[in-house]
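The file start22.csv contains CSV, N, CA and C atoms:
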```
chain,number,residue,atom,x,y,z
A,16,MET,N,142.3,107.7,209.2
A,16,MET,CA,141.8,106.9,210.3
A,16,MET,C,141.9,107.8,211.6
A,17,ALA,N,141.1,107.5,212.5
A,17,ALA,CA,141.0,108.2,213.8
A,17,ALA,C,140.5,107.3,214.9
A,18,VAL,N,140.9,107.6,216.1
A,18,VAL,CA,140.3,106.9,217.3
A,18,VAL,C,139.1,107.7,217.7
A,19,GLN,N,138.1,107.0,218.1
A,19,GLN,CA,136.8,107.6,218.5
A,19,GLN,C,136.9,107.8,220.0
A,20,ARG,N,136.7,109.1,220.4
A,20,ARG,CA,136.6,109.5,221.9
A,20,ARG,C,135.1,109.8,222.1
A,21,GLY,N,134.5,109.1,223.1
A,21,GLY,CA,133.1,109.3,223.4
A,21,GLY,C,132.3,108.8,222.2
A,22,THR,N,131.2,109.5,221.9
A,22,THR,CA,130.3,109.1,220.8
A,22,THR,C,130.7,109.7,219.5
A,23,SER,N,131.4,110.8,219.4
A,23,SER,CA,131.7,111.3,218.1
A,23,SER,C,133.0,112.1,217.9
A,24,GLU,N,133.7,112.3,219.0
A,24,GLU,CA,135.0,113.1,218.8
A,24,GLU,C,136.0,112.1,218.1
A,25,LEU,N,136.8,112.7,217.2
A,25,LEU,CA,137.8,111.9,216.5
A,25,LEU,C,139.2,112.4,216.8
A,26,ILE,N,140.1,111.5,217.2
A,26,ILE,CA,141.5,111.8,217.5
A,26,ILE,C,142.4,111.3,216.4
A,27,PRO,N,143.2,112.1,215.8
A,27,PRO,CA,144.0,111.7,214.7
A,27,PRO,C,145.2,110.9,215.3
A,28,PRO,N,146.0,110.2,214.4
A,28,PRO,CA,147.2,109.5,214.8
A,28,PRO,C,148.2,110.4,215.5
A,29,LEU,N,148.9,109.9,216.4
A,29,LEU,CA,150.0,110.6,217.1
A,29,LEU,C,151.2,110.7,216.1
A,30,PHE,N,151.3,109.6,215.3
A,30,PHE,CA,152.5,109.4,214.5
A,30,PHE,C,152.0,108.6,213.3
A,31,SER,N,152.5,108.9,212.1
A,31,SER,CA,152.1,108.1,210.9
A,31,SER,C,153.2,108.0,209.9
A,32,THR,N,153.3,106.9,209.2
A,32,THR,CA,154.1,106.7,208.1
A,32,THR,C,153.2,106.0,207.0
A,33,PRO,N,153.7,105.8,205.8
A,33,PRO,CA,152.9,105.1,204.9
A,33,PRO,C,152.5,103.7,205.3
A,34,GLU,N,153.3,103.1,206.2
A,34,GLU,CA,153.1,101.7,206.6
A,34,GLU,C,152.4,101.6,208.0
A,35,ARG,N,152.5,102.7,208.8
A,35,ARG,CA,152.0,102.6,210.2
A,35,ARG,C,151.3,103.8,210.6
A,36,LEU,N,150.3,103.6,211.5
A,36,LEU,CA,149.7,104.7,212.3
A,36,LEU,C,149.8,104.4,213.7
A,37,VAL,N,150.1,105.3,214.5
A,37,VAL,CA,150.2,105.2,216.0
A,37,VAL,C,149.2,106.1,216.7
A,38,PHE,N,148.4,105.5,217.5
A,38,PHE,CA,147.4,106.2,218.3
A,38,PHE,C,147.8,106.1,219.7
A,39,GLU,N,147.5,107.2,220.5
A,39,GLU,CA,147.7,107.2,221.9
A,39,GLU,C,146.4,107.6,222.6
A,40,VAL,N,146.0,106.8,223.6
A,40,VAL,CA,144.8,107.1,224.4
A,40,VAL,C,145.2,106.9,225.8
A,41,LEU,N,144.5,107.7,226.7
A,41,LEU,CA,144.7,107.6,228.1
A,41,LEU,C,143.4,106.9,228.7
A,42,LEU,N,143.6,105.8,229.4
A,42,LEU,CA,142.5,105.1,230.1
A,42,LEU,C,142.9,105.0,231.6
A,43,THR,N,141.9,104.9,232.4
A,43,THR,CA,142.0,104.8,233.8
A,43,THR,C,141.6,103.4,234.3
A,44,VAL,N,142.3,102.9,235.2
A,44,VAL,CA,141.9,101.6,235.8
A,44,VAL,C,140.9,101.8,236.9
A,45,SER,N,139.8,101.1,236.8
A,45,SER,CA,138.7,101.2,237.8
A,45,SER,C,138.9,100.0,238.7
A,46,HIS,N,138.9,100.2,240.0
A,46,HIS,CA,139.0,99.2,241.0
A,46,HIS,C,137.6,99.0,241.7
A,47,PRO,N,136.8,98.2,241.2
A,47,PRO,CA,135.4,98.1,241.8
A,47,PRO,C,135.5,97.4,243.2
A,48,THR,N,134.5,97.6,244.0
A,48,THR,CA,134.4,96.9,245.3
A,48,THR,C,133.8,95.5,245.1
A,49,GLY,N,133.9,94.7,246.1
A,49,GLY,CA,133.3,93.4,246.1
A,49,GLY,C,134.1,92.3,245.4
A,50,GLY,N,135.3,92.6,245.1
A,50,GLY,CA,136.2,91.5,244.6
A,50,GLY,C,136.1,91.4,243.1
A,51,ALA,N,135.3,92.2,242.4
A,51,ALA,CA,135.2,92.2,240.9
A,51,ALA,C,136.6,92.6,240.3
A,52,PRO,N,137.0,92.1,239.2
A,52,PRO,CA,138.3,92.4,238.6
A,52,PRO,C,138.2,93.9,238.1
A,53,PRO,N,139.4,94.5,238.1
A,53,PRO,CA,139.5,95.9,237.6
A,53,PRO,C,139.2,95.9,236.1
A,54,TRP,N,138.8,97.1,235.6
A,54,TRP,CA,138.6,97.3,234.2
A,54,TRP,C,139.0,98.7,233.8
A,55,LEU,N,139.1,98.9,232.5
A,55,LEU,CA,139.5,100.2,232.0
A,55,LEU,C,138.3,101.1,231.7
A,56,VAL,N,138.4,102.4,232.1
A,56,VAL,CA,137.4,103.3,231.9
A,56,VAL,C,137.9,104.6,231.3
A,57,GLY,N,137.1,105.4,230.8
A,57,GLY,CA,137.5,106.7,230.2
A,57,GLY,C,136.8,106.9,228.9
A,58,PRO,N,136.9,108.1,228.3
A,58,PRO,CA,136.1,108.5,227.1
A,58,PRO,C,136.5,107.6,225.9
A,59,TYR,N,137.6,107.0,225.9
A,59,TYR,CA,138.0,106.2,224.7
A,59,TYR,C,137.5,104.7,224.8
A,60,ALA,N,137.2,104.3,226.1
A,60,ALA,CA,136.8,102.9,226.3
A,60,ALA,C,135.3,102.8,225.9
A,61,GLN,N,135.0,101.9,225.0
A,61,GLN,CA,133.7,101.7,224.5
A,61,GLN,C,133.2,100.3,225.0
A,62,GLY,N,131.9,100.1,225.0
A,62,GLY,CA,131.4,98.8,225.3
A,62,GLY,C,131.2,98.5,226.8
A,63,PRO,N,130.6,97.4,227.0
A,63,PRO,CA,130.2,97.0,228.4
A,63,PRO,C,131.5,96.5,229.2
A,64,VAL,N,131.4,96.6,230.5
A,64,VAL,CA,132.5,96.0,231.4
A,64,VAL,C,132.6,94.6,231.0
A,65,GLY,N,133.9,94.1,230.9
A,65,GLY,CA,134.2,92.8,230.5
A,65,GLY,C,134.3,92.6,229.0
A,66,ALA,N,133.9,93.6,228.3
A,66,ALA,CA,134.1,93.5,226.8
A,66,ALA,C,134.5,94.8,226.2
A,67,ARG,N,135.3,95.5,226.9
A,67,ARG,CA,135.7,96.9,226.5
A,67,ARG,C,136.6,96.8,225.2
A,68,PHE,N,136.5,97.9,224.4
A,68,PHE,CA,137.2,98.0,223.2
A,68,PHE,C,137.4,99.5,222.8
A,69,LEU,N,138.3,99.7,221.9
A,69,LEU,CA,138.5,101.0,221.3
A,69,LEU,C,138.0,101.0,219.9
A,70,TYR,N,137.4,102.1,219.4
A,70,TYR,CA,137.0,102.2,218.0
A,70,TYR,C,138.1,102.9,217.2
A,71,VAL,N,138.5,102.3,216.1
A,71,VAL,CA,139.4,103.0,215.2
A,71,VAL,C,138.6,103.2,213.9
A,72,ASN,N,138.2,104.4,213.6
A,72,ASN,CA,137.3,104.8,212.5
A,72,ASN,C,138.1,105.0,211.3
A,73,ALA,N,137.5,104.7,210.1
A,73,ALA,CA,138.1,104.9,208.8
A,73,ALA,C,137.1,105.5,207.9
A,74,GLY,N,137.6,106.2,206.9
A,74,GLY,CA,136.7,106.7,205.8
A,74,GLY,C,135.8,107.8,206.4
A,75,THR,N,134.5,107.8,206.0
A,75,THR,CA,133.6,108.9,206.5
A,75,THR,C,133.5,108.9,208.0
A,76,TYR,N,133.6,107.8,208.6
A,76,TYR,CA,133.6,107.7,210.1
A,76,TYR,C,134.8,108.4,210.7
A,77,ALA,N,135.8,108.6,210.0
A,77,ALA,CA,137.0,109.3,210.5
A,77,ALA,C,137.1,110.7,210.0
A,78,GLY,N,135.9,111.2,209.4
A,78,GLY,CA,135.9,112.6,209.0
A,78,GLY,C,136.3,112.8,207.6
A,79,GLN,N,136.6,111.8,206.8
A,79,GLN,CA,137.0,111.9,205.4
A,79,GLN,C,135.7,111.9,204.5
A,80,ALA,N,135.1,113.0,204.3
A,80,ALA,CA,133.8,113.1,203.7
A,80,ALA,C,133.8,112.5,202.3
A,81,ASP,N,134.9,112.6,201.6
A,81,ASP,CA,135.0,112.1,200.2
A,81,ASP,C,135.4,110.7,200.1
A,82,SER,N,135.5,110.0,201.2
A,82,SER,CA,135.9,108.5,201.1
A,82,SER,C,134.8,107.7,200.7
A,83,GLY,N,135.1,106.6,200.0
A,83,GLY,CA,134.1,105.6,199.7
A,83,GLY,C,133.8,104.5,200.8
A,84,TRP,N,134.5,104.7,201.9
A,84,TRP,CA,134.4,103.8,203.0
A,84,TRP,C,133.8,104.4,204.2
A,85,SER,N,133.1,103.6,205.0
A,85,SER,CA,132.5,104.0,206.3
A,85,SER,C,132.6,102.9,207.2
A,86,ARG,N,133.8,102.8,207.9
A,86,ARG,CA,134.0,101.6,208.8
A,86,ARG,C,134.6,102.0,210.1
A,87,ARG,N,134.4,101.1,211.1
A,87,ARG,CA,135.0,101.2,212.4
A,87,ARG,C,135.5,99.8,212.8
A,88,ALA,N,136.8,99.8,213.2
A,88,ALA,CA,137.4,98.6,213.8
A,88,ALA,C,137.2,98.6,215.3
A,89,LYS,N,136.8,97.5,215.9
A,89,LYS,CA,136.7,97.3,217.3
A,89,LYS,C,138.0,96.6,217.8
A,90,VAL,N,138.9,97.4,218.5
A,90,VAL,CA,140.1,96.8,219.0
A,90,VAL,C,139.9,96.4,220.5
A,91,PRO,N,139.9,95.1,220.8
A,91,PRO,CA,139.6,94.7,222.1
A,91,PRO,C,140.6,95.2,223.1
A,92,LEU,N,140.2,95.6,224.3
A,92,LEU,CA,141.1,96.1,225.4
A,92,LEU,C,141.5,94.9,226.2
A,93,PRO,N,142.6,94.9,226.9
A,93,PRO,CA,143.1,93.8,227.6
A,93,PRO,C,142.3,93.4,228.9
A,94,THR,N,142.4,92.2,229.2
A,94,THR,CA,141.9,91.7,230.5
A,94,THR,C,142.9,92.1,231.5
A,95,LEU,N,142.5,92.8,232.6
A,95,LEU,CA,143.5,93.3,233.6
A,95,LEU,C,143.7,92.3,234.7
A,96,THR,N,144.8,91.6,234.6
A,96,THR,CA,145.2,90.6,235.7
A,96,THR,C,146.0,91.4,236.7
A,97,PRO,N,146.1,90.9,237.9
A,97,PRO,CA,147.0,91.6,238.9
A,97,PRO,C,148.4,91.6,238.5
A,98,GLU,N,148.9,90.6,237.8
A,98,GLU,CA,150.3,90.6,237.3
A,98,GLU,C,150.5,91.6,236.2
A,99,LEU,N,149.6,91.8,235.3
A,99,LEU,CA,149.7,92.7,234.2
A,99,LEU,C,149.7,94.2,234.8
A,100,LEU,N,148.8,94.4,235.7
A,100,LEU,CA,148.7,95.7,236.3
A,100,LEU,C,150.0,96.1,237.1
A,101,GLN,N,150.4,95.1,237.9
A,101,GLN,CA,151.6,95.4,238.7
A,101,GLN,C,152.8,95.7,237.8
A,102,HIS,N,152.9,94.9,236.7
A,102,HIS,CA,154.0,95.1,235.8
A,102,HIS,C,154.0,96.5,235.1
A,103,VAL,N,152.8,96.9,234.6
A,103,VAL,CA,152.7,98.1,233.8
A,103,VAL,C,152.8,99.3,234.8
A,104,LEU,N,152.2,99.2,236.0
A,104,LEU,CA,152.3,100.3,236.9
A,104,LEU,C,153.6,100.4,237.7
A,105,SER,N,154.5,99.4,237.4
A,105,SER,CA,155.8,99.4,238.2
A,105,SER,C,156.7,100.5,237.6
A,106,SER,N,156.5,101.1,236.5
A,106,SER,CA,157.4,102.1,235.9
A,106,SER,C,156.6,103.1,235.1
A,107,PRO,N,156.8,104.4,235.4
A,107,PRO,CA,156.1,105.4,234.6
A,107,PRO,C,156.4,105.4,233.1
A,108,GLU,N,157.5,104.8,232.8
A,108,GLU,CA,157.9,104.7,231.4
A,108,GLU,C,157.2,103.7,230.5
A,109,LEU,N,156.5,102.8,231.2
A,109,LEU,CA,155.8,101.7,230.5
A,109,LEU,C,154.4,102.1,230.0
A,110,VAL,N,154.0,101.6,228.9
A,110,VAL,CA,152.7,101.8,228.3
A,110,VAL,C,152.2,100.4,227.8
A,111,MET,N,150.9,100.3,227.6
A,111,MET,CA,150.4,99.1,227.0
A,111,MET,C,150.3,99.4,225.5
A,112,GLN,N,150.7,98.4,224.7
A,112,GLN,CA,150.6,98.6,223.2
A,112,GLN,C,150.1,97.3,222.6
A,113,ALA,N,149.4,97.5,221.5
A,113,ALA,CA,148.9,96.4,220.7
A,113,ALA,C,149.0,96.8,219.2
A,114,ALA,N,149.0,95.9,218.3
A,114,ALA,CA,149.0,96.1,216.9
A,114,ALA,C,147.9,95.3,216.2
A,115,ILE,N,147.3,95.9,215.2
A,115,ILE,CA,146.3,95.3,214.3
A,115,ILE,C,146.7,95.5,212.9
A,116,LEU,N,146.1,94.7,212.0
A,116,LEU,CA,146.2,94.9,210.6
A,116,LEU,C,145.2,96.0,210.3
A,117,GLY,N,145.6,97.0,209.6
A,117,GLY,CA,144.6,98.1,209.2
A,117,GLY,C,143.8,97.9,208.0
A,118,GLN,N,144.1,96.8,207.3
A,118,GLN,CA,143.4,96.5,206.1
A,118,GLN,C,142.6,95.2,206.2
A,119,ALA,N,141.4,95.3,205.8
A,119,ALA,CA,140.5,94.1,205.8
A,119,ALA,C,140.8,93.2,204.6
A,120,ARG,N,140.2,92.0,204.6
A,120,ARG,CA,140.4,91.0,203.5
A,120,ARG,C,139.9,91.6,202.1
A,121,ASP,N,139.0,92.5,202.1
A,121,ASP,CA,138.5,93.0,200.9
A,121,ASP,C,139.3,94.2,200.4
A,122,GLY,N,140.4,94.5,201.1
A,122,GLY,CA,141.3,95.6,200.6
A,122,GLY,C,140.9,96.9,201.2
A,123,GLY,N,139.8,97.0,201.9
A,123,GLY,CA,139.4,98.3,202.5
A,123,GLY,C,139.9,98.4,203.9
A,124,PRO,N,139.6,99.4,204.6
A,124,PRO,CA,140.0,99.6,206.0
A,124,PRO,C,139.5,98.4,206.9
A,125,ALA,N,140.2,98.1,208.0
A,125,ALA,CA,139.8,97.1,208.9
A,125,ALA,C,138.4,97.5,209.5
A,126,CYS,N,137.6,96.5,209.8
A,126,CYS,CA,136.3,96.8,210.4
A,126,CYS,C,135.9,95.6,211.2
A,127,ALA,N,134.8,95.8,212.0
A,127,ALA,CA,134.3,94.9,213.0
A,127,ALA,C,135.4,94.6,214.0
A,128,THR,N,135.2,93.5,214.8
A,128,THR,CA,136.2,93.2,215.8
A,128,THR,C,137.4,92.6,215.1
A,129,VAL,N,138.6,93.2,215.4
A,129,VAL,CA,139.8,92.9,214.8
A,129,VAL,C,140.7,92.0,215.7
A,130,ARG,N,141.5,91.2,215.1
A,130,ARG,CA,142.4,90.3,215.9
A,130,ARG,C,143.7,91.1,216.2
A,131,LEU,N,144.1,91.0,217.4
A,131,LEU,CA,145.4,91.6,217.8
A,131,LEU,C,146.6,90.8,217.2
A,132,LEU,N,147.6,91.5,216.8
A,132,LEU,CA,148.8,90.8,216.2
A,132,LEU,C,149.7,90.4,217.4
A,133,GLY,N,150.6,89.5,217.1
A,133,GLY,CA,151.6,89.1,218.1
A,133,GLY,C,151.1,88.6,219.3
A,134,ASN,N,151.5,89.1,220.5
A,134,ASN,CA,151.1,88.7,221.8
A,134,ASN,C,149.9,89.5,222.3
A,135,GLY,N,149.3,90.3,221.5
A,135,GLY,CA,148.2,91.1,221.9
A,135,GLY,C,148.7,92.4,222.6
A,136,TRP,N,148.0,92.7,223.7
A,136,TRP,CA,148.5,93.9,224.5
A,136,TRP,C,149.7,93.5,225.3
A,137,VAL,N,150.7,94.3,225.2
A,137,VAL,CA,152.0,94.0,225.9
A,137,VAL,C,152.5,95.3,226.5
A,138,ALA,N,153.3,95.2,227.6
A,138,ALA,CA,153.9,96.4,228.2
A,138,ALA,C,155.2,96.7,227.4
A,139,ALA,N,155.4,97.9,227.2
A,139,ALA,CA,156.6,98.3,226.4
A,139,ALA,C,157.0,99.7,226.9
A,140,PRO,N,158.3,100.1,226.8
A,140,PRO,CA,158.7,101.5,227.1
A,140,PRO,C,158.0,102.4,226.1
A,141,ALA,N,157.5,103.5,226.6
A,141,ALA,CA,156.8,104.5,225.7
A,141,ALA,C,157.5,104.9,224.5
A,142,ILE,N,158.8,105.2,224.6
A,142,ILE,CA,159.6,105.6,223.5
A,142,ILE,C,159.7,104.5,222.4
A,143,VAL,N,159.8,103.2,222.9
A,143,VAL,CA,159.9,102.1,221.9
A,143,VAL,C,158.5,102.0,221.2
A,144,ALA,N,157.4,102.1,221.9
A,144,ALA,CA,156.1,102.0,221.3
A,144,ALA,C,156.0,103.0,220.2
A,145,LEU,N,156.4,104.2,220.4
A,145,LEU,CA,156.3,105.3,219.4
A,145,LEU,C,157.3,104.9,218.2
A,146,ARG,N,158.5,104.6,218.5
A,146,ARG,CA,159.4,104.3,217.4
A,146,ARG,C,159.0,103.1,216.6
A,147,MET,N,158.5,102.0,217.3
A,147,MET,CA,158.0,100.8,216.6
A,147,MET,C,156.7,101.0,215.8
A,148,GLY,N,156.0,102.0,216.2
A,148,GLY,CA,154.7,102.3,215.5
A,148,GLY,C,153.7,101.2,215.9
A,149,ALA,N,153.8,100.6,217.0
A,149,ALA,CA,152.8,99.6,217.4
A,149,ALA,C,151.5,100.2,217.8
```

Structure translated into structure tokens:
Amino acid sequence: MAVQRGTSELIPPLFSTPERLVFEVLLTVSHPTGGAPPWLVGPYAQGPVGARFLYVNAGTYAGQADSGWSRRAKVPLPTLTPELLQHVLSSPELVMQAAILGQARDGGPACATVRLLGNGWVAAPAIVALRMGA
């Protein structure tokens, strides 16, 4: 599996175990004028404003030419509220993390829009995010 950067670049997991893959991406908060809410931008952010997501590619879409799968999971990015932004930006040690199931109901890799597990996107210390594999 790999995170898609832009239209075709593939970024491998930062950390992996047989049970977990951890990806790290850097996104920027855009503060539009005119009172519109902020949104996330950058080469990893896919989709239109208001419906941004990350692609997690699997099988041939992740560069595994011999795979029998060609799938992409759309991981929804969080809605940026003032409270969430203030909390995350209050400490350089905080990151946003979310977890998904990497396996679809048919036993293959996750695909289409996936549901976030737990409380969705949450702020956590960076070292905890890596250790937890979220």

Report, in Å to a single decimal, how far apart CA of Thr96 in chain A and atom C of Pro52 in chain A are.
8.1 Å

Using all atoms listed in the file, which of A:Ser23, A:His46, A:Val110, A:Gly65 sits nearest Thr94 in chain A?
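With all atoms listed in the file as the atom set, the closest residue is A:Gly65.
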
Any idea what the distance is between CA of Ala60 in chain A and atom C of Gly21 in chain A?
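Atom C of Gly21 in chain A lies at a distance of 8.5 Å from CA of Ala60 in chain A.
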
Between CA of Tyr59 in chain A and CA of Asp81 in chain A, measure the distance and give it in Å to one decimal.
25.4 Å

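Closest approach to Leu55 in chain A among A:Leu25, A:Val71, A:Ser31, A:Leu92: A:Leu92, based on only C-alpha atoms.
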
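The closest residue to Ala127 in chain A, picked from A:Arg20, A:Arg35, A:Arg87, A:Arg67 and counting only N, CA and C atoms, is A:Arg87.
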
Those in chain A with strand (DSSP E or B) from DSSP, as a ChimeraX atom specification
/A:17-20,24-26,30-31,36-37,43-45,54-56,61,68-74,85-91,109-112,118,124,127-128,137-140

Selected residues, N, CA and C atoms, written as a tab-separated table (two decimals), in the frame of the given file, please.
```
chain	number	residue	atom	x	y	z
A	17	ALA	N	141.10	107.50	212.50
A	17	ALA	CA	141.00	108.20	213.80
A	17	ALA	C	140.50	107.30	214.90
A	18	VAL	N	140.90	107.60	216.10
A	18	VAL	CA	140.30	106.90	217.30
A	18	VAL	C	139.10	107.70	217.70
A	19	GLN	N	138.10	107.00	218.10
A	19	GLN	CA	136.80	107.60	218.50
A	19	GLN	C	136.90	107.80	220.00
A	20	ARG	N	136.70	109.10	220.40
A	20	ARG	CA	136.60	109.50	221.90
A	20	ARG	C	135.10	109.80	222.10
A	24	GLU	N	133.70	112.30	219.00
A	24	GLU	CA	135.00	113.10	218.80
A	24	GLU	C	136.00	112.10	218.10
A	25	LEU	N	136.80	112.70	217.20
A	25	LEU	CA	137.80	111.90	216.50
A	25	LEU	C	139.20	112.40	216.80
A	26	ILE	N	140.10	111.50	217.20
A	26	ILE	CA	141.50	111.80	217.50
A	26	ILE	C	142.40	111.30	216.40
A	30	PHE	N	151.30	109.60	215.30
A	30	PHE	CA	152.50	109.40	214.50
A	30	PHE	C	152.00	108.60	213.30
A	31	SER	N	152.50	108.90	212.10
A	31	SER	CA	152.10	108.10	210.90
A	31	SER	C	153.20	108.00	209.90
A	36	LEU	N	150.30	103.60	211.50
A	36	LEU	CA	149.70	104.70	212.30
A	36	LEU	C	149.80	104.40	213.70
A	37	VAL	N	150.10	105.30	214.50
A	37	VAL	CA	150.20	105.20	216.00
A	37	VAL	C	149.20	106.10	216.70
A	43	THR	N	141.90	104.90	232.40
A	43	THR	CA	142.00	104.80	233.80
A	43	THR	C	141.60	103.40	234.30
A	44	VAL	N	142.30	102.90	235.20
A	44	VAL	CA	141.90	101.60	235.80
A	44	VAL	C	140.90	101.80	236.90
A	45	SER	N	139.80	101.10	236.80
A	45	SER	CA	138.70	101.20	237.80
A	45	SER	C	138.90	100.00	238.70
A	54	TRP	N	138.80	97.10	235.60
A	54	TRP	CA	138.60	97.30	234.20
A	54	TRP	C	139.00	98.70	233.80
A	55	LEU	N	139.10	98.90	232.50
A	55	LEU	CA	139.50	100.20	232.00
A	55	LEU	C	138.30	101.10	231.70
A	56	VAL	N	138.40	102.40	232.10
A	56	VAL	CA	137.40	103.30	231.90
A	56	VAL	C	137.90	104.60	231.30
A	61	GLN	N	135.00	101.90	225.00
A	61	GLN	CA	133.70	101.70	224.50
A	61	GLN	C	133.20	100.30	225.00
A	68	PHE	N	136.50	97.90	224.40
A	68	PHE	CA	137.20	98.00	223.20
A	68	PHE	C	137.40	99.50	222.80
A	69	LEU	N	138.30	99.70	221.90
A	69	LEU	CA	138.50	101.00	221.30
A	69	LEU	C	138.00	101.00	219.90
A	70	TYR	N	137.40	102.10	219.40
A	70	TYR	CA	137.00	102.20	218.00
A	70	TYR	C	138.10	102.90	217.20
A	71	VAL	N	138.50	102.30	216.10
A	71	VAL	CA	139.40	103.00	215.20
A	71	VAL	C	138.60	103.20	213.90
A	72	ASN	N	138.20	104.40	213.60
A	72	ASN	CA	137.30	104.80	212.50
A	72	ASN	C	138.10	105.00	211.30
A	73	ALA	N	137.50	104.70	210.10
A	73	ALA	CA	138.10	104.90	208.80
A	73	ALA	C	137.10	105.50	207.90
A	74	GLY	N	137.60	106.20	206.90
A	74	GLY	CA	136.70	106.70	205.80
A	74	GLY	C	135.80	107.80	206.40
A	85	SER	N	133.10	103.60	205.00
A	85	SER	CA	132.50	104.00	206.30
A	85	SER	C	132.60	102.90	207.20
A	86	ARG	N	133.80	102.80	207.90
A	86	ARG	CA	134.00	101.60	208.80
A	86	ARG	C	134.60	102.00	210.10
A	87	ARG	N	134.40	101.10	211.10
A	87	ARG	CA	135.00	101.20	212.40
A	87	ARG	C	135.50	99.80	212.80
A	88	ALA	N	136.80	99.80	213.20
A	88	ALA	CA	137.40	98.60	213.80
A	88	ALA	C	137.20	98.60	215.30
A	89	LYS	N	136.80	97.50	215.90
A	89	LYS	CA	136.70	97.30	217.30
A	89	LYS	C	138.00	96.60	217.80
A	90	VAL	N	138.90	97.40	218.50
A	90	VAL	CA	140.10	96.80	219.00
A	90	VAL	C	139.90	96.40	220.50
A	91	PRO	N	139.90	95.10	220.80
A	91	PRO	CA	139.60	94.70	222.10
A	91	PRO	C	140.60	95.20	223.10
A	109	LEU	N	156.50	102.80	231.20
A	109	LEU	CA	155.80	101.70	230.50
A	109	LEU	C	154.40	102.10	230.00
A	110	VAL	N	154.00	101.60	228.90
A	110	VAL	CA	152.70	101.80	228.30
A	110	VAL	C	152.20	100.40	227.80
A	111	MET	N	150.90	100.30	227.60
A	111	MET	CA	150.40	99.10	227.00
A	111	MET	C	150.30	99.40	225.50
A	112	GLN	N	150.70	98.40	224.70
A	112	GLN	CA	150.60	98.60	223.20
A	112	GLN	C	150.10	97.30	222.60
A	118	GLN	N	144.10	96.80	207.30
A	118	GLN	CA	143.40	96.50	206.10
A	118	GLN	C	142.60	95.20	206.20
A	124	PRO	N	139.60	99.40	204.60
A	124	PRO	CA	140.00	99.60	206.00
A	124	PRO	C	139.50	98.40	206.90
A	127	ALA	N	134.80	95.80	212.00
A	127	ALA	CA	134.30	94.90	213.00
A	127	ALA	C	135.40	94.60	214.00
A	128	THR	N	135.20	93.50	214.80
A	128	THR	CA	136.20	93.20	215.80
A	128	THR	C	137.40	92.60	215.10
A	137	VAL	N	150.70	94.30	225.20
A	137	VAL	CA	152.00	94.00	225.90
A	137	VAL	C	152.50	95.30	226.50
A	138	ALA	N	153.30	95.20	227.60
A	138	ALA	CA	153.90	96.40	228.20
A	138	ALA	C	155.20	96.70	227.40
A	139	ALA	N	155.40	97.90	227.20
A	139	ALA	CA	156.60	98.30	226.40
A	139	ALA	C	157.00	99.70	226.90
A	140	PRO	N	158.30	100.10	226.80
A	140	PRO	CA	158.70	101.50	227.10
A	140	PRO	C	158.00	102.40	226.10
```

DSSP on the backbone: what in chain A comes out helix (DSSP H, G or I), as a list in words?
Thr75, Tyr76, Ala77, Pro97, Glu98, Leu99, Leu100, Gln101, His102, Val103, Leu104, Ala141, Ile142, Val143, Ala144, Leu145, Arg146 and Met147 of chain A

Let's have the selection written as a CSV table (one decimal), in the frame of the given file, with N, CA and C atoms.
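Final output, saved to part_38.csv:
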```csv
chain,number,residue,atom,x,y,z
A,75,THR,N,134.5,107.8,206.0
A,75,THR,CA,133.6,108.9,206.5
A,75,THR,C,133.5,108.9,208.0
A,76,TYR,N,133.6,107.8,208.6
A,76,TYR,CA,133.6,107.7,210.1
A,76,TYR,C,134.8,108.4,210.7
A,77,ALA,N,135.8,108.6,210.0
A,77,ALA,CA,137.0,109.3,210.5
A,77,ALA,C,137.1,110.7,210.0
A,97,PRO,N,146.1,90.9,237.9
A,97,PRO,CA,147.0,91.6,238.9
A,97,PRO,C,148.4,91.6,238.5
A,98,GLU,N,148.9,90.6,237.8
A,98,GLU,CA,150.3,90.6,237.3
A,98,GLU,C,150.5,91.6,236.2
A,99,LEU,N,149.6,91.8,235.3
A,99,LEU,CA,149.7,92.7,234.2
A,99,LEU,C,149.7,94.2,234.8
A,100,LEU,N,148.8,94.4,235.7
A,100,LEU,CA,148.7,95.7,236.3
A,100,LEU,C,150.0,96.1,237.1
A,101,GLN,N,150.4,95.1,237.9
A,101,GLN,CA,151.6,95.4,238.7
A,101,GLN,C,152.8,95.7,237.8
A,102,HIS,N,152.9,94.9,236.7
A,102,HIS,CA,154.0,95.1,235.8
A,102,HIS,C,154.0,96.5,235.1
A,103,VAL,N,152.8,96.9,234.6
A,103,VAL,CA,152.7,98.1,233.8
A,103,VAL,C,152.8,99.3,234.8
A,104,LEU,N,152.2,99.2,236.0
A,104,LEU,CA,152.3,100.3,236.9
A,104,LEU,C,153.6,100.4,237.7
A,141,ALA,N,157.5,103.5,226.6
A,141,ALA,CA,156.8,104.5,225.7
A,141,ALA,C,157.5,104.9,224.5
A,142,ILE,N,158.8,105.2,224.6
A,142,ILE,CA,159.6,105.6,223.5
A,142,ILE,C,159.7,104.5,222.4
A,143,VAL,N,159.8,103.2,222.9
A,143,VAL,CA,159.9,102.1,221.9
A,143,VAL,C,158.5,102.0,221.2
A,144,ALA,N,157.4,102.1,221.9
A,144,ALA,CA,156.1,102.0,221.3
A,144,ALA,C,156.0,103.0,220.2
A,145,LEU,N,156.4,104.2,220.4
A,145,LEU,CA,156.3,105.3,219.4
A,145,LEU,C,157.3,104.9,218.2
A,146,ARG,N,158.5,104.6,218.5
A,146,ARG,CA,159.4,104.3,217.4
A,146,ARG,C,159.0,103.1,216.6
A,147,MET,N,158.5,102.0,217.3
A,147,MET,CA,158.0,100.8,216.6
A,147,MET,C,156.7,101.0,215.8
```
